[in-house]
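**Student:** Sending over work-v9.cif (mmCIF, C-alpha atoms and all ligand atoms).
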```cif
data_my_file
#
loop_
_atom_site.label_atom_id
_atom_site.label_comp_id
_atom_site.auth_asym_id
_atom_site.auth_seq_id
_atom_site.Cartn_x
_atom_site.Cartn_y
_atom_site.Cartn_z
CA MET A 819 0.00 0.00 0.00
CA VAL A 820 1.11 3.52 -0.80
CA SER A 821 -0.24 6.62 0.87
CA LEU A 822 -2.09 9.20 -1.19
CA ASP A 823 0.66 11.75 -0.55
CA ASP A 824 3.43 9.37 -1.60
CA ALA A 825 1.61 8.32 -4.75
CA LEU A 826 1.00 11.97 -5.65
CA ALA A 827 4.60 12.90 -4.96
CA HIS A 828 5.78 10.03 -7.14
CA VAL A 829 3.65 11.23 -10.04
CA LEU A 830 4.47 14.93 -9.64
CA GLU A 831 8.22 14.31 -9.47
CA ARG A 832 8.03 12.68 -12.89
CA CYS A 833 5.84 15.21 -14.67
CA GLU A 834 7.86 18.16 -15.94
CA ALA A 835 6.63 21.37 -17.47
CA LEU A 836 6.59 21.19 -21.28
CA PRO A 837 9.19 23.41 -22.97
CA PRO A 838 7.76 26.91 -23.45
CA VAL A 839 6.74 28.30 -26.83
CA THR A 840 6.00 31.82 -28.04
CA VAL A 841 2.30 32.42 -28.64
CA PRO A 842 0.16 35.44 -29.53
CA ALA A 843 -1.19 36.95 -26.31
CA ALA A 844 -4.73 36.55 -27.61
CA ALA A 845 -4.17 32.78 -27.86
CA ALA A 846 -2.72 32.53 -24.36
CA PRO A 847 -5.83 32.30 -22.11
CA GLY A 848 -5.63 29.03 -20.19
CA LEU A 849 -1.87 28.73 -20.74
CA VAL A 850 0.73 29.19 -18.01
CA LEU A 851 3.38 31.87 -18.50
CA ALA A 852 7.01 30.78 -18.66
CA ASP A 853 8.38 34.30 -18.11
CA ASP A 854 7.50 37.28 -15.96
CA VAL A 855 5.77 40.15 -17.73
CA VAL A 856 7.13 43.60 -16.87
CA ALA A 857 5.20 46.74 -17.77
CA ALA A 858 7.01 48.82 -20.38
CA GLU A 859 4.35 51.51 -20.23
CA ALA A 860 2.30 53.27 -17.56
CA ILE A 861 -1.37 52.37 -17.19
CA PRO A 862 -3.19 54.69 -17.49
CA PRO A 863 -0.67 56.26 -19.90
CA PHE A 864 -1.84 59.81 -19.04
CA ALA A 865 -3.89 61.51 -16.32
CA ASN A 866 -7.56 61.37 -17.29
CA THR A 867 -10.99 61.96 -15.87
CA ALA A 868 -13.08 59.26 -14.22
CA MET A 869 -16.27 61.34 -14.68
CA ASP A 870 -18.16 63.41 -17.17
CA GLY A 871 -18.07 67.03 -15.99
CA TYR A 872 -15.84 70.08 -16.01
CA ALA A 873 -12.07 70.26 -15.64
CA VAL A 874 -11.15 73.11 -13.29
CA ARG A 875 -8.53 74.37 -10.90
CA ALA A 876 -9.73 73.42 -7.44
CA ALA A 877 -8.69 76.86 -6.17
CA ASP A 878 -11.07 78.52 -8.66
CA VAL A 879 -14.12 76.72 -7.26
CA ALA A 880 -13.21 76.96 -3.56
CA GLY A 881 -15.85 79.67 -3.16
CA ALA A 882 -18.62 77.67 -4.90
CA PRO A 883 -21.12 78.35 -6.19
CA VAL A 884 -19.09 80.12 -8.90
CA THR A 885 -19.59 80.69 -12.61
CA LEU A 886 -16.70 80.01 -15.01
CA PRO A 887 -16.36 80.43 -18.77
CA VAL A 888 -16.16 77.09 -20.67
CA VAL A 889 -13.22 77.48 -23.04
CA ALA A 890 -13.05 74.04 -24.69
CA GLU A 891 -14.45 70.52 -24.82
CA VAL A 892 -12.20 67.48 -24.25
CA ALA A 893 -13.38 64.01 -25.17
CA ALA A 894 -11.71 60.57 -24.93
CA GLY A 895 -9.13 60.38 -27.70
CA HIS A 896 -9.20 64.15 -28.26
CA PRO A 897 -6.80 66.00 -25.93
CA ALA A 898 -7.23 69.76 -25.40
CA ASP A 899 -5.05 71.82 -27.70
CA ARG A 900 -4.27 74.35 -24.99
CA ALA A 901 -3.85 74.57 -21.25
CA LEU A 902 -6.60 75.59 -18.85
CA GLY A 903 -6.03 79.12 -17.65
CA PRO A 904 -6.89 80.53 -14.21
CA GLY A 905 -10.62 81.11 -13.80
CA GLU A 906 -11.54 78.82 -16.72
CA ALA A 907 -13.38 75.52 -17.09
CA MET A 908 -13.38 72.88 -19.85
CA ARG A 909 -16.21 70.47 -20.56
CA ILE A 910 -14.66 66.98 -20.19
CA PHE A 911 -15.84 63.39 -20.81
CA THR A 912 -14.81 60.13 -19.11
CA GLY A 913 -11.39 58.91 -20.26
CA ALA A 914 -10.35 62.27 -21.75
CA PRO A 915 -6.88 63.57 -20.83
CA ILE A 916 -6.87 66.16 -18.03
CA PRO A 917 -5.79 69.42 -19.67
CA ASP A 918 -2.58 71.04 -18.44
CA GLY A 919 -3.42 73.53 -15.73
CA ALA A 920 -6.47 71.65 -14.43
CA ASP A 921 -6.20 69.74 -11.16
CA ALA A 922 -9.75 68.49 -10.56
CA VAL A 923 -12.99 67.54 -12.23
CA VAL A 924 -16.44 68.56 -11.04
CA MET A 925 -18.98 65.93 -12.00
CA VAL A 926 -21.66 67.17 -14.37
CA GLU A 927 -24.41 66.49 -11.83
CA ARG A 928 -22.96 69.24 -9.60
CA THR A 929 -23.01 71.85 -12.35
CA GLU A 930 -25.44 73.90 -14.39
CA ARG A 931 -24.87 74.64 -18.06
CA LEU A 932 -25.28 78.33 -18.83
CA ASP A 933 -25.38 80.51 -21.93
CA ASP A 934 -25.65 77.63 -24.42
CA GLY A 935 -22.62 75.91 -22.95
CA ARG A 936 -20.38 78.95 -23.01
CA ALA A 937 -20.31 79.06 -19.21
CA VAL A 938 -20.89 76.74 -16.27
CA ARG A 939 -22.12 77.30 -12.78
CA VAL A 940 -20.21 75.03 -10.41
CA GLY A 941 -22.23 74.17 -7.32
CA VAL A 942 -19.57 72.54 -5.12
CA ALA A 943 -15.98 73.06 -4.07
CA VAL A 944 -13.68 70.11 -4.84
CA ASP A 945 -10.27 69.07 -3.57
CA PRO A 946 -7.35 68.91 -5.98
CA GLY A 947 -7.28 65.45 -7.56
CA THR A 948 -11.04 64.90 -7.42
CA HIS A 949 -12.17 62.39 -10.13
CA LEU A 950 -8.67 62.29 -11.58
CA ARG A 951 -7.02 59.02 -12.58
CA ALA A 952 -3.28 59.62 -12.35
CA ALA A 953 -0.87 58.32 -14.98
CA GLY A 954 0.59 55.00 -13.78
CA GLU A 955 -2.00 54.70 -11.01
CA ASP A 956 -2.80 51.12 -12.09
CA LEU A 957 0.57 49.91 -13.40
CA LYS A 958 3.96 51.62 -13.44
CA PRO A 959 6.69 51.12 -16.04
CA GLY A 960 9.18 48.55 -14.73
CA GLU A 961 6.60 46.94 -12.48
CA ARG A 962 6.24 43.15 -12.72
CA VAL A 963 2.59 42.64 -13.56
CA LEU A 964 2.50 38.87 -14.18
CA SER A 965 4.85 36.13 -13.04
CA ALA A 966 6.14 32.92 -14.54
CA GLY A 967 3.72 30.24 -13.37
CA ASP A 968 0.67 32.49 -13.64
CA GLU A 969 -2.17 31.18 -15.75
CA VAL A 970 -3.39 33.63 -18.36
CA THR A 971 -6.96 34.50 -17.35
CA PRO A 972 -9.34 36.86 -19.15
CA ALA A 973 -8.28 39.72 -16.84
CA ARG A 974 -4.61 38.98 -17.49
CA VAL A 975 -5.09 38.86 -21.25
CA GLY A 976 -6.63 42.29 -20.77
CA VAL A 977 -3.56 43.49 -18.89
CA LEU A 978 -1.33 42.19 -21.70
CA ALA A 979 -3.47 43.99 -24.27
CA SER A 980 -3.46 47.24 -22.31
CA LEU A 981 0.34 47.10 -22.18
CA GLY A 982 0.64 46.36 -25.90
CA VAL A 983 2.23 42.96 -25.28
CA ALA A 984 1.58 41.01 -28.49
CA GLU A 985 3.32 37.73 -27.66
CA VAL A 986 4.19 35.79 -24.53
CA ARG A 987 6.26 32.73 -23.72
CA ALA A 988 4.03 30.07 -22.25
CA HIS A 989 3.90 26.33 -21.72
CA PRO A 990 1.78 24.58 -24.32
CA ARG A 991 -1.38 22.72 -23.42
CA PRO A 992 -0.47 19.05 -22.93
CA ARG A 993 -1.88 16.77 -25.63
CA VAL A 994 -3.28 13.79 -23.81
CA GLY A 995 -3.97 10.49 -25.57
CA VAL A 996 -6.81 8.44 -24.06
CA LEU A 997 -7.47 4.75 -24.64
CA SER A 998 -9.83 2.28 -23.02
CA THR A 999 -9.10 -1.43 -22.68
CA GLY A 1000 -11.33 -4.43 -22.19
CA ASP A 1001 -12.83 -7.32 -24.20
CA GLU A 1002 -16.21 -6.62 -22.60
CA LEU A 1003 -16.48 -3.11 -23.96
CA VAL A 1004 -18.77 -2.02 -26.78
CA VAL A 1005 -18.49 1.33 -28.51
CA GLY A 1006 -21.69 2.90 -29.77
CA PRO A 1007 -25.37 2.03 -29.48
CA ALA A 1008 -25.34 -1.55 -30.86
CA PRO A 1009 -27.31 -4.06 -28.76
CA LEU A 1010 -25.21 -5.59 -26.00
CA GLN A 1011 -24.28 -9.26 -26.27
CA PRO A 1012 -24.11 -11.31 -23.05
CA GLY A 1013 -21.35 -10.05 -20.81
CA GLN A 1014 -20.83 -6.81 -22.68
CA ILE A 1015 -21.01 -3.26 -21.32
CA ARG A 1016 -20.53 0.04 -23.05
CA ASP A 1017 -17.27 1.95 -22.99
CA SER A 1018 -18.05 4.93 -20.77
CA ASN A 1019 -14.55 5.70 -19.49
CA ARG A 1020 -13.05 6.91 -22.73
CA PRO A 1021 -15.66 9.61 -23.44
CA THR A 1022 -15.55 10.59 -19.75
CA LEU A 1023 -11.77 10.87 -19.65
CA LEU A 1024 -11.63 12.75 -22.96
CA ALA A 1025 -14.15 15.21 -21.50
CA LEU A 1026 -12.22 15.54 -18.23
CA VAL A 1027 -9.04 16.25 -20.19
CA ALA A 1028 -10.78 18.98 -22.17
CA GLU A 1029 -12.47 20.43 -19.09
CA ALA A 1030 -9.11 20.66 -17.34
CA GLY A 1031 -7.78 22.74 -20.23
CA PHE A 1032 -5.67 20.13 -22.02
CA THR A 1033 -6.01 18.81 -25.56
CA PRO A 1034 -7.71 15.39 -25.72
CA VAL A 1035 -6.59 12.86 -28.33
CA ASP A 1036 -8.78 9.78 -28.80
CA LEU A 1037 -6.64 6.66 -29.12
CA GLY A 1038 -9.67 4.39 -29.26
CA HIS A 1039 -10.91 1.25 -27.56
CA ILE A 1040 -8.45 -1.64 -27.47
CA VAL A 1041 -9.26 -5.28 -26.74
CA ASP A 1042 -7.35 -7.19 -24.08
CA ASP A 1043 -4.44 -8.08 -26.32
CA GLU A 1044 -0.93 -7.32 -25.21
CA ASP A 1045 0.40 -6.43 -28.66
CA ALA A 1046 -2.57 -4.21 -29.47
CA ILE A 1047 -2.33 -2.37 -26.15
CA ARG A 1048 1.40 -1.97 -26.56
CA ALA A 1049 1.07 -0.64 -30.11
CA THR A 1050 -1.57 1.88 -29.05
CA ILE A 1051 0.36 3.12 -26.03
CA GLU A 1052 3.45 3.48 -28.22
CA ARG A 1053 1.47 5.37 -30.83
CA GLY A 1054 0.15 7.66 -28.09
CA VAL A 1055 3.61 8.20 -26.65
CA ALA A 1056 4.97 9.12 -30.09
CA THR A 1057 2.22 11.66 -30.82
CA CYS A 1058 1.15 13.02 -27.41
CA ASP A 1059 2.66 14.63 -24.32
CA ALA A 1060 0.98 12.13 -22.00
CA VAL A 1061 -1.12 8.99 -22.33
CA MET A 1062 -3.99 7.78 -20.18
CA SER A 1063 -5.59 4.35 -20.26
CA SER A 1064 -8.45 2.87 -18.30
CA GLY A 1065 -8.71 -0.71 -17.13
CA GLY A 1066 -6.19 -3.49 -16.90
CA VAL A 1067 -4.29 -2.32 -13.85
CA SER A 1068 -5.68 -4.41 -11.02
CA MET A 1069 -4.47 -7.78 -9.78
CA GLY A 1070 -5.91 -10.13 -12.38
CA ASP A 1071 -4.09 -12.18 -15.01
CA ILE A 1072 -5.50 -10.11 -17.84
CA ASP A 1073 -4.43 -6.78 -16.43
CA LEU A 1074 -2.44 -6.13 -19.52
CA VAL A 1075 -1.86 -2.41 -19.23
CA ARG A 1076 0.26 -3.12 -16.19
CA VAL A 1077 2.10 -5.88 -18.04
CA VAL A 1078 2.74 -3.69 -21.08
CA LEU A 1079 3.89 -0.68 -19.07
CA ASP A 1080 6.24 -2.90 -17.13
CA ARG A 1081 7.75 -4.08 -20.40
CA ILE A 1082 8.10 -0.79 -22.28
CA GLY A 1083 8.35 1.78 -19.51
CA ASP A 1084 9.84 2.75 -16.24
CA MET A 1085 6.65 1.83 -14.41
CA ARG A 1086 5.46 1.81 -10.83
CA TRP A 1087 2.33 -0.08 -9.98
CA MET A 1088 0.71 1.29 -6.85
CA GLN A 1089 -2.07 0.23 -4.53
CA VAL A 1090 -3.02 3.58 -3.05
CA ASP A 1091 -4.64 3.83 0.40
CA ILE A 1092 -7.81 5.37 -0.98
CA ARG A 1093 -11.29 4.36 -1.99
CA PRO A 1094 -12.31 4.42 -4.78
CA ALA A 1095 -9.34 4.39 -7.20
CA ARG A 1096 -6.96 2.09 -5.40
CA PRO A 1097 -4.83 0.73 -8.28
CA LEU A 1098 -2.70 3.12 -10.29
CA ALA A 1099 0.01 2.27 -12.78
CA PHE A 1100 2.23 5.21 -13.60
CA GLY A 1101 5.20 5.07 -15.86
CA LEU A 1102 7.49 7.01 -18.13
CA VAL A 1103 7.85 5.63 -21.64
CA SER A 1104 10.52 6.90 -24.03
CA ALA A 1105 9.23 8.36 -27.28
CA PRO A 1106 11.15 7.86 -30.55
CA ASP A 1107 12.37 11.47 -30.27
CA GLY A 1108 13.73 10.87 -26.77
CA ARG A 1109 10.96 12.54 -24.75
CA ARG A 1110 10.03 10.70 -21.57
CA VAL A 1111 6.26 10.56 -21.75
CA PRO A 1112 4.12 10.03 -18.63
CA VAL A 1113 1.59 7.21 -18.97
CA PHE A 1114 -1.26 6.97 -16.47
CA GLY A 1115 -2.79 3.52 -16.18
CA LEU A 1116 -6.06 4.43 -14.48
CA PRO A 1117 -8.41 1.84 -13.01
CA GLY A 1118 -11.32 0.49 -15.03
CA ASN A 1119 -14.23 1.07 -12.70
CA PRO A 1120 -15.91 4.21 -13.97
CA VAL A 1121 -15.91 6.18 -10.71
CA SER A 1122 -12.39 5.01 -9.91
CA SER A 1123 -11.04 6.20 -13.24
CA MET A 1124 -12.60 9.62 -12.67
CA VAL A 1125 -11.34 9.95 -9.11
CA SER A 1126 -7.90 8.76 -10.19
CA PHE A 1127 -7.91 11.37 -12.94
CA VAL A 1128 -8.95 14.11 -10.53
CA LEU A 1129 -6.37 13.20 -7.90
CA PHE A 1130 -3.35 12.07 -9.93
CA ALA A 1131 -3.55 12.59 -13.67
CA ARG A 1132 -4.95 16.11 -13.54
CA ALA A 1133 -2.28 17.15 -11.05
CA GLY A 1134 0.52 15.65 -13.15
CA LEU A 1135 -0.86 17.21 -16.32
CA ARG A 1136 -1.15 20.60 -14.63
CA ARG A 1137 2.55 20.31 -13.75
CA MET A 1138 3.24 19.60 -17.43
CA ALA A 1139 1.14 22.64 -18.33
CA GLY A 1140 3.51 24.72 -16.18
CA HIS A 1141 1.46 25.27 -13.02
CA PRO A 1142 3.60 25.55 -9.90
CA PRO A 1143 3.38 22.55 -7.54
CA GLU A 1144 1.13 24.37 -5.07
CA ARG A 1145 -1.45 25.01 -7.80
CA VAL A 1146 -1.89 21.57 -9.30
CA HIS A 1147 -4.44 20.13 -6.89
CA VAL A 1148 -8.22 20.33 -6.90
CA PRO A 1149 -9.17 23.18 -4.57
CA ARG A 1150 -10.11 21.95 -1.09
CA PHE A 1151 -12.81 23.67 0.94
CA ARG A 1152 -14.39 23.26 4.35
CA ALA A 1153 -18.03 22.23 4.32
CA VAL A 1154 -20.63 20.96 6.76
CA ALA A 1155 -22.17 17.49 6.49
CA ALA A 1156 -25.93 18.08 6.22
CA GLU A 1157 -26.52 14.38 6.93
CA PRO A 1158 -24.38 11.56 8.32
CA LEU A 1159 -21.68 10.37 5.92
CA THR A 1160 -20.89 6.99 7.40
CA ARG A 1161 -18.07 4.62 6.54
CA ARG A 1162 -16.14 1.74 8.14
CA PRO A 1163 -12.56 1.94 9.31
CA ASP A 1164 -10.38 0.20 6.70
CA GLY A 1165 -7.10 2.13 6.74
CA LYS A 1166 -8.06 4.15 3.69
CA ILE A 1167 -9.16 7.67 2.88
CA HIS A 1168 -12.60 7.63 1.30
CA PHE A 1169 -13.79 10.07 -1.34
CA VAL A 1170 -17.57 10.39 -1.03
CA ARG A 1171 -19.58 11.69 -3.96
CA VAL A 1172 -21.71 14.57 -2.68
CA GLN A 1173 -24.06 17.31 -3.74
CA VAL A 1174 -23.11 20.76 -2.55
CA THR A 1175 -25.41 23.60 -1.62
CA ALA A 1176 -25.03 26.92 0.13
CA ALA A 1177 -25.33 26.10 3.84
CA GLY A 1178 -27.53 29.09 4.62
CA GLY A 1179 -27.63 30.42 8.17
CA ASP A 1180 -25.41 33.12 9.58
CA ASP A 1181 -22.01 31.68 8.79
CA GLY A 1182 -22.74 30.79 5.17
CA GLY A 1183 -20.42 28.18 3.76
CA LEU A 1184 -21.20 24.94 1.97
CA ALA A 1185 -23.35 21.99 2.93
CA VAL A 1186 -22.91 18.48 1.52
CA ARG A 1187 -25.16 15.44 1.12
CA SER A 1188 -24.42 12.07 -0.45
CA SER A 1189 -25.32 12.05 -4.13
CA GLY A 1190 -26.28 8.35 -4.04
CA GLY A 1191 -24.80 4.86 -4.30
CA GLN A 1192 -21.10 4.97 -3.54
CA GLY A 1193 -19.93 1.88 -5.43
CA SER A 1194 -16.99 2.47 -7.76
CA HIS A 1195 -19.15 1.24 -10.66
CA GLN A 1196 -22.02 3.63 -9.84
CA LEU A 1197 -21.54 6.47 -12.26
CA GLY A 1198 -25.05 7.74 -11.50
CA ALA A 1199 -24.04 9.22 -8.14
CA MET A 1200 -20.88 10.62 -9.71
CA ALA A 1201 -22.98 12.26 -12.41
CA ARG A 1202 -25.09 13.94 -9.72
CA ALA A 1203 -22.08 14.99 -7.63
CA ASP A 1204 -20.63 18.49 -7.35
CA GLY A 1205 -17.74 17.34 -5.21
CA LEU A 1206 -15.92 14.68 -3.25
CA VAL A 1207 -15.82 14.73 0.54
CA VAL A 1208 -12.50 13.52 1.91
CA LEU A 1209 -13.30 11.16 4.77
CA PRO A 1210 -10.21 10.11 6.71
CA ASP A 1211 -10.05 6.57 8.11
CA GLY A 1212 -12.65 6.07 10.83
CA ASP A 1213 -16.43 5.98 11.14
CA GLY A 1214 -17.20 8.97 8.96
CA ALA A 1215 -18.91 12.26 9.71
CA ALA A 1216 -22.05 12.96 11.73
CA ALA A 1217 -24.62 15.52 10.63
CA GLY A 1218 -23.22 18.96 11.43
CA ASP A 1219 -19.58 17.86 11.35
CA PRO A 1220 -17.09 19.90 9.36
CA VAL A 1221 -15.63 17.97 6.42
CA ASP A 1222 -13.06 18.61 3.69
CA LEU A 1223 -14.50 18.97 0.22
CA LEU A 1224 -12.92 18.77 -3.22
CA LEU A 1225 -15.09 20.75 -5.59
CA LEU A 1226 -15.55 19.11 -8.97
CA GLY A 1227 -17.66 21.82 -10.54
CA GLU A 1228 -19.50 24.90 -9.44
CA PRO A 1229 -21.56 24.38 -6.29
CA LEU A 1230 -25.24 25.14 -6.42
CA SER A 1231 -25.89 28.51 -4.86
CA ALA A 1232 -28.98 29.49 -2.93
CA GLU A 1233 -28.44 33.18 -3.59
CA SER A 1234 -28.04 35.33 -6.65
CA PRO A 1235 -24.83 37.39 -6.80
P1 LIG B 1301 -10.46 -3.76 -15.10
O1 LIG B 1301 -9.62 -2.85 -14.27
O2 LIG B 1301 -10.06 -3.74 -16.54
O3 LIG B 1301 -10.53 -5.11 -14.52
O4 LIG B 1301 -11.93 -3.14 -15.02
C1 LIG B 1301 -12.57 -2.98 -13.78
C2 LIG B 1301 -14.07 -2.80 -14.00
O5 LIG B 1301 -14.28 -1.63 -14.77
C3 LIG B 1301 -14.73 -3.91 -14.78
O6 LIG B 1301 -16.03 -4.09 -14.25
C4 LIG B 1301 -14.81 -3.37 -16.19
O7 LIG B 1301 -15.83 -3.94 -16.94
C5 LIG B 1301 -15.06 -1.92 -15.93
N1 LIG B 1301 -14.55 -1.10 -17.03
C6 LIG B 1301 -13.29 -1.16 -17.53
N2 LIG B 1301 -13.14 -0.30 -18.54
C7 LIG B 1301 -14.34 0.34 -18.70
C8 LIG B 1301 -14.80 1.34 -19.58
N3 LIG B 1301 -14.00 1.87 -20.51
N4 LIG B 1301 -16.08 1.77 -19.44
C9 LIG B 1301 -16.89 1.24 -18.49
N5 LIG B 1301 -16.48 0.29 -17.62
C10 LIG B 1301 -15.22 -0.16 -17.72
MG MG B 1302 -10.33 -4.88 -18.15
#
```
Transcribe the structure of this file into structure tokens.
Ligand code: AMP
Ligand code: MG
**Tutor:**
Amino acid sequence: MVSLDDALAHVLERCEALPPVTVPAAAAPGLVLADDVVAAEAIPPFANTAMDGYAVRAADVAGAPVTLPVVAEVAAGHPADRALGPGEAMRIFTGAPIPDGADAVVMVERTERLDDGRAVRVGVAVDPGTHLRAAGEDLKPGERVLSAGDEVTPARVGVLASLGVAEVRAHPRPRVGVLSTGDELVVGPAPLQPGQIRDSNRPTLLALVAEAGFTPVDLGHIVDDEDAIRATIERGVATCDAVMSSGGVSMGDIDLVRVVLDRIGDMRWMQVDIRPARPLAFGLVSAPDGRRVPVFGLPGNPVSSMVSFVLFARAGLRRMAGHPPERVHVPRFRAVAAEPLTRRPDGKIHFVRVQVTAAGGDDGGLAVRSSGGQGSHQLGAMARADGLVVLPDGDGAAAGDPVDLLLLGEPLSAESP
């Protein structure tokens, strides 16, 4: 038996970030930066107004109400062609550069337009700096705005655009080949013959790979034949950054993925102290071009393969995508058991499929309930689950107990934003 932490450490030590490439910034969302990004320009590039109103000298309106002549109009993209003189005002619109000589803006709601716009009556005194956005107030030249290891999010792609950064160096999305193994598996809607079941793991794993932000590559369904499994894994290793199989890694004679990985790779077969998803075969297989390609032999039971993906494969693949070690795991939250989540002591950590709701009450937080049958073949409860509760060895949690929760998707919320 191997502990969860040891199994994870073993996988993570062997998954290295893919060599960075240069990509257009617009294509970078979801990728992890390989270099820091330093601002070459100030944001905002010039002092501008946060409000529609009148640019003034604060000293000129100290005795408000006062009436000032309006000597120009300044709009976004159209700077004033002269400075503001003492005792003058300029009509100004949000985002327009503050004219030289002005040190404050009076919002339009505090003014009255006079004489067809040729003058303005200012109703309030303002401090210098009022409604001004200073140059460099957001970002200063020379400031590090993004760091190597940061994922490019929509906000960060906006920062890159506002700085005029056209290209970044980032780690590519891992291409992940997925195969399923098993003589009993049928692909498609054909009627089932005795003993047959449908291949559900491959579509599930392909979808998990895509959801996690990697590129899925379908390597197909392979029968329990050593040569066929070997050929497919080798094809995957040659064309992908990582390979993932389901089935064929438990104890039986026909657990051929384990046999093949042992033969062609530097493989470790683990029995992890968890339930579901106990068996895991993980190996590095050399590609023809010399790359050492991680191969995840995930268990065949549908829930086990998903949990194994979430715990091990996703973490390893996030390392390959360039995420720093502390950001590869599924986020863990505290929640409250809304009903008993019972289990028997067996030396293992259990991952219980649960539905998650807003707990309500004064302290807010999340409440969890079992999503149904907890067998490792029962995909129904997994399909209804928003998360996995981590139950340490013991008798489980009583109603009202705090529990650790791995969120799989977005929890249902009782409130609108
Ligand atoms: P194995 O690890 O190959 O012995 O498979 C364990 C269990 O998972 C068996 O009940 C298999 O029939 C089932 N199983 C294996 N692969 C799949 C798959 N791709 N889709 C659905 N069930 C599977
Ligand atoms: Mg099998």
**Student:** Could you check which of A:Arg1132, A:Val841, A:Asp870, A:Arg939 is closest to Val983 in chain A, using only C-alpha atoms?
**Tutor:**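 Closest to Val983 in chain A of all the choices is A:Val841.
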**Student:** Counting only C-alpha atoms, figure out which residue out of A:Ala876, A:Leu1102, A:Asp968, A:Gly1118 gets nearest to Val829 in chain A.
**Tutor:** A:Leu1102
**Student:** Distance CA of Ala1156 in chain A-CA of Gly1205 in chain A, one decimal place?
**Tutor:** 14.1 Å
**Student:** Return as JSON the box centre and box size in Å, one decimal, for an axis-aligned box around all listed atoms of ligand LIG 1301 (chain B) padded by 4 Å per side.
**Tutor:**
```
{"center_x": -13.3, "center_y": -1.6, "center_z": -17.1, "size_x": 15.3, "size_y": 15.0, "size_z": 14.7}
```
**Student:** Dump the neighbourhood of ligand LIG 1301 (chain B) as an mmCIF file with C-alpha atoms, keeping the file's coordinate frame: all residues within 9 Å, distances computed on all atoms listed in the file.
**Tutor:**
```cif
data_model
loop_
_atom_site.group_PDB
_atom_site.id
_atom_site.type_symbol
_atom_site.label_atom_id
_atom_site.label_comp_id
_atom_site.auth_asym_id
_atom_site.auth_seq_id
_atom_site.Cartn_x
_atom_site.Cartn_y
_atom_site.Cartn_z
ATOM 1 C CA LEU A 997 -7.470 4.750 -24.640
ATOM 2 C CA SER A 998 -9.830 2.280 -23.020
ATOM 3 C CA THR A 999 -9.100 -1.430 -22.680
ATOM 4 C CA GLY A 1000 -11.330 -4.430 -22.190
ATOM 5 C CA ASP A 1001 -12.830 -7.320 -24.200
ATOM 6 C CA GLU A 1002 -16.210 -6.620 -22.600
ATOM 7 C CA LEU A 1003 -16.480 -3.110 -23.960
ATOM 8 C CA VAL A 1004 -18.770 -2.020 -26.780
ATOM 9 C CA GLN A 1014 -20.830 -6.810 -22.680
ATOM 10 C CA ILE A 1015 -21.010 -3.260 -21.320
ATOM 11 C CA ARG A 1016 -20.530 0.040 -23.050
ATOM 12 C CA ASP A 1017 -17.270 1.950 -22.990
ATOM 13 C CA SER A 1018 -18.050 4.930 -20.770
ATOM 14 C CA ASN A 1019 -14.550 5.700 -19.490
ATOM 15 C CA ARG A 1020 -13.050 6.910 -22.730
ATOM 16 C CA PRO A 1021 -15.660 9.610 -23.440
ATOM 17 C CA THR A 1022 -15.550 10.590 -19.750
ATOM 18 C CA HIS A 1039 -10.910 1.250 -27.560
ATOM 19 C CA ASP A 1042 -7.350 -7.190 -24.080
ATOM 20 C CA SER A 1063 -5.590 4.350 -20.260
ATOM 21 C CA SER A 1064 -8.450 2.870 -18.300
ATOM 22 C CA GLY A 1065 -8.710 -0.710 -17.130
ATOM 23 C CA GLY A 1066 -6.190 -3.490 -16.900
ATOM 24 C CA VAL A 1067 -4.290 -2.320 -13.850
ATOM 25 C CA SER A 1068 -5.680 -4.410 -11.020
ATOM 26 C CA MET A 1069 -4.470 -7.780 -9.780
ATOM 27 C CA GLY A 1070 -5.910 -10.130 -12.380
ATOM 28 C CA ILE A 1072 -5.500 -10.110 -17.840
ATOM 29 C CA ASP A 1073 -4.430 -6.780 -16.430
ATOM 30 C CA LEU A 1074 -2.440 -6.130 -19.520
ATOM 31 C CA VAL A 1075 -1.860 -2.410 -19.230
ATOM 32 C CA PRO A 1097 -4.830 0.730 -8.280
ATOM 33 C CA LEU A 1116 -6.060 4.430 -14.480
ATOM 34 C CA PRO A 1117 -8.410 1.840 -13.010
ATOM 35 C CA GLY A 1118 -11.320 0.490 -15.030
ATOM 36 C CA ASN A 1119 -14.230 1.070 -12.700
ATOM 37 C CA PRO A 1120 -15.910 4.210 -13.970
ATOM 38 C CA VAL A 1121 -15.910 6.180 -10.710
ATOM 39 C CA SER A 1122 -12.390 5.010 -9.910
ATOM 40 C CA SER A 1123 -11.040 6.200 -13.240
ATOM 41 C CA SER A 1194 -16.990 2.470 -7.760
ATOM 42 C CA HIS A 1195 -19.150 1.240 -10.660
#
```
**Student:** So, counting all atoms listed in the file, which residue among A:Ile1092, A:Ala1060, A:Leu1159, A:Leu978 is closest to Cys833 in chain A?
**Tutor:**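 Closest candidate: A:Ala1060.
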**Student:** For ligand MG 1302 (chain B), which residue among A:Arg875, A:His1141, A:His1147, A:Arg1076 is the nearest when counting only C-alpha atoms and all ligand atoms?
**Tutor:**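 Of A:Arg875, A:His1141, A:His1147, A:Arg1076, the one nearest ligand MG 1302 (chain B), counting only C-alpha atoms and all ligand atoms, is A:Arg1076.
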**Student:** Residues at most 7 Å from Ala953 in chain A, counting all atoms listed in the file, excluding those fewer than 3 positions away in the same chain, as a PyMOL selection string?
**Tutor:** chain A and resi 860-865
**Student:** Counting all atoms listed in the file, figure out which residue out of A:Ala1199, A:Val1005, A:Ala1056, A:Ala1131 gets nearest to Val1111 in chain A.
**Tutor:**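 The closest residue to Val1111 in chain A is A:Ala1056.
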